Amino acid sequence: MTEQEKASIVASVKDGVVGTIRGVGDVAGAVVDAVSGVLIKTLKGTRAVGSEVGALVADTVTGTVQGVAEVGAEIGSAAKGVVIGTLKGTKEVGTSAVETISGSTSALIKGVAEVGGDVGATAKGAVEGAIVGAKELGVGVTEAASAAASAVIKSTSTVGAEIGASARSALIGVLYGTKEVGASAIETISGSTSALIKSAAEVGGDVAATAKGAVEGAIVGAKELGVGVTEAASAAATAVVKSASTVGAEIGTTAKSAIVGVLTGTKEVGTKAVETISGSTSALIKGVAEVGGDVGATAKGAVEGAIVGAKDLGVGATFAASAAATAAIQSASRVGAEIGATAKSALVGVVHGTKQVGESVVESLSSGASAVVKAAAETGADIANTAKKAVEGTIEAAKDLGVDTAEAASATAAGAIKAAGNISASAGEQVRNAVTGTIAGVKVIVKEPFKKQG
């Protein structure tokens, strides 16, 4: 196809779209008819295959975007209609639905960026349209959504838009699309999130920002459509850590970003942050264990993310960290991970998180240590070893970050003893013996004799 022919198609489609949707209430429906009509008419009687069809789709999408921009119609609804229209318009020539979704979504993002439109709304509409169009054609919903999500991230990277925002919008589109067609939201969230992470890694994009955006989008979309928020967040978190492990991304950083996304999302929709942190942390630990990933790094990242996200949103950092630390120990027990090592990593996360946000290290360490010891006791683990490992983690992180090691270790030890003392006097004494004295080269002294009150 010559450049002149391409320009002619773009101009023709643009004029047709302008005439079709001007003054029409149902923009998405009008765009579906306009796009599918152009493609059916152009492809009828031709032998266009493969790349030729792809080029025609791209030109048709470009013309549509220009027409929508000229009329001033809502781009999200139009994007949904474009993807559905391209699927309908190309089905007779045997083009792969997945290829059509990828091509039309990429062309949409690029075209909208060129006219200064809303890339996020376009991403949402494209994913939603992929799901609806796929369902109508008998194509797998998760496969279609994943293809659109992947194209969103790759094209977002190409046009220089914010990758985390596009990931968020894509997941909201997943929820809206699955709601419309009655498909499994959780399964589609999982597949689409994996596609987002893998695509971000492929283009050298920010995997952590993608993880945050995906979890946040899952929560926001779930709340808007009446889907379980904790369940949606957990599905996204699990997919995040599994796919991050597959592509070789740094697990701790990814887990941290996922939990920050949890807090951002729950704050926006007004749900209980602590409950969602717990569910998502458990999902992260379970997911990384299933792929043989680093449970300790995941625990550290989750706790650190809970503190950072809490600070940004005005949620109590101590409560958030305790929720993440508790969930980390409980889920580590369920997957057969070493409890002491997980406790150590969780306390490292406490130090890193509180140092980053400028919160009281002493208060957070005491609370975090209490949380891991209490959780360890509930799982039947060795609380003395758990407490000692927590102190070791505190000392390690304190040395790395220039925090007073003696004060930090004392706070952790005190919190551990307090939690153990609330179990029984003998448990308190057992933990006291484990966490006092010289540990990792630091003399640990507990100033307050935390004892169970009778």
# chains A, B, ... in the order shown; residues from 1 in each chain; ligands from 1
call {"tool": "residues_around", "arguments": {"residues": "Ser102 in chain A", "least_positions_apart": "2", "cutoff": "8 Å", "atoms": "only C-alpha atoms", "output": "VMD selection string"}}
result
chain A and resid 98 to 100 104 to 106 147 to 148 150 to 151
call {"tool": "write_last_selection", "arguments": {"atoms": "C-alpha atoms", "output": "tab-separated table (two decimals), in the first residue's frame"}}
result
chain	number	residue	atom	x	y	z
A	98	VAL	CA	-5.17	-11.61	19.31
A	99	GLU	CA	-3.12	-9.93	16.57
A	100	THR	CA	-6.02	-7.64	15.73
A	104	SER	CA	-5.62	-1.88	17.16
A	105	THR	CA	-4.70	-1.17	20.79
A	106	SER	CA	-1.18	-0.06	19.86
A	147	ALA	CA	-3.14	-9.11	24.48
A	148	ALA	CA	-4.66	-5.67	24.94
A	150	SER	CA	0.47	-6.05	26.72
A	151	ALA	CA	-0.09	-3.69	23.79
call {"tool": "residues_around", "arguments": {"residues": "Val119 in chain A", "least_positions_apart": "5", "cutoff": "7 Å", "atoms": "only C-alpha atoms", "output": "list in words"}}
result
Ile109, Val112 and Ala113 of chain A
call {"tool": "write_last_selection", "arguments": {"atoms": "N, CA and C atoms", "output": "mmCIF file, in the first residue's frame"}}
result
data_model
loop_
_atom_site.group_PDB
_atom_site.id
_atom_site.type_symbol
_atom_site.label_atom_id
_atom_site.label_comp_id
_atom_site.auth_asym_id
_atom_site.auth_seq_id
_atom_site.Cartn_x
_atom_site.Cartn_y
_atom_site.Cartn_z
ATOM 1 N N ILE A 109 -3.321 3.850 21.197
ATOM 2 C CA ILE A 109 -2.472 4.577 22.152
ATOM 3 C C ILE A 109 -1.594 5.591 21.429
ATOM 4 N N VAL A 112 -3.830 8.489 19.925
ATOM 5 C CA VAL A 112 -4.338 9.392 20.963
ATOM 6 C C VAL A 112 -3.216 10.266 21.515
ATOM 7 N N ALA A 113 -2.034 9.683 21.692
ATOM 8 C CA ALA A 113 -0.891 10.467 22.173
ATOM 9 C C ALA A 113 -0.544 11.573 21.182
#
call {"tool": "closest_residue", "arguments": {"among": "A:Val274, A:Leu263, A:Val288, A:Val348", "to": "Thr246 in chain A", "atoms": "only C-alpha atoms"}}
result
A:Val288
call {"tool": "atom_distance", "arguments": {"atom1": "CA of Gly415 in chain A", "atom2": "CA of Gly301 in chain A"}}
result
21.1 Å
call {"tool": "closest_residue", "arguments": {"among": "A:Ala78, A:Ala283, A:Lys300, A:Leu313", "to": "Val335 in chain A", "atoms": "only C-alpha atoms"}}
result
A:Ala283
call {"tool": "atom_distance", "arguments": {"atom1": "CA of Ala237 in chain A", "atom2": "CA of Ile101 in chain A"}}
result
25.2 Å
call {"tool": "residues_around", "arguments": {"residues": "Glu250 in chain A", "least_positions_apart": "3", "cutoff": "12 Å", "atoms": "only C-alpha atoms", "output": "list in words"}}
result
Ala201, Asp206, Val207, Ala208, Ala211, Val240, Val241, Lys242, Ser243, Ala244, Ser245, Thr246, Val247, Thr253, Thr254, Ala255, Lys256, Ser257, Val288, Gly293, Asp294, Ala297, Thr298 and Gly301 of chain A
call {"tool": "closest_residue", "arguments": {"among": "A:Gly94, A:Gly177, A:Gly336, A:Gly16", "to": "Glu70 in chain A", "atoms": "only C-alpha atoms"}}
result
A:Gly16
call {"tool": "atom_distance", "arguments": {"atom1": "CA of Leu137 in chain A", "atom2": "CA of Leu225 in chain A"}}
result
24.2 Å
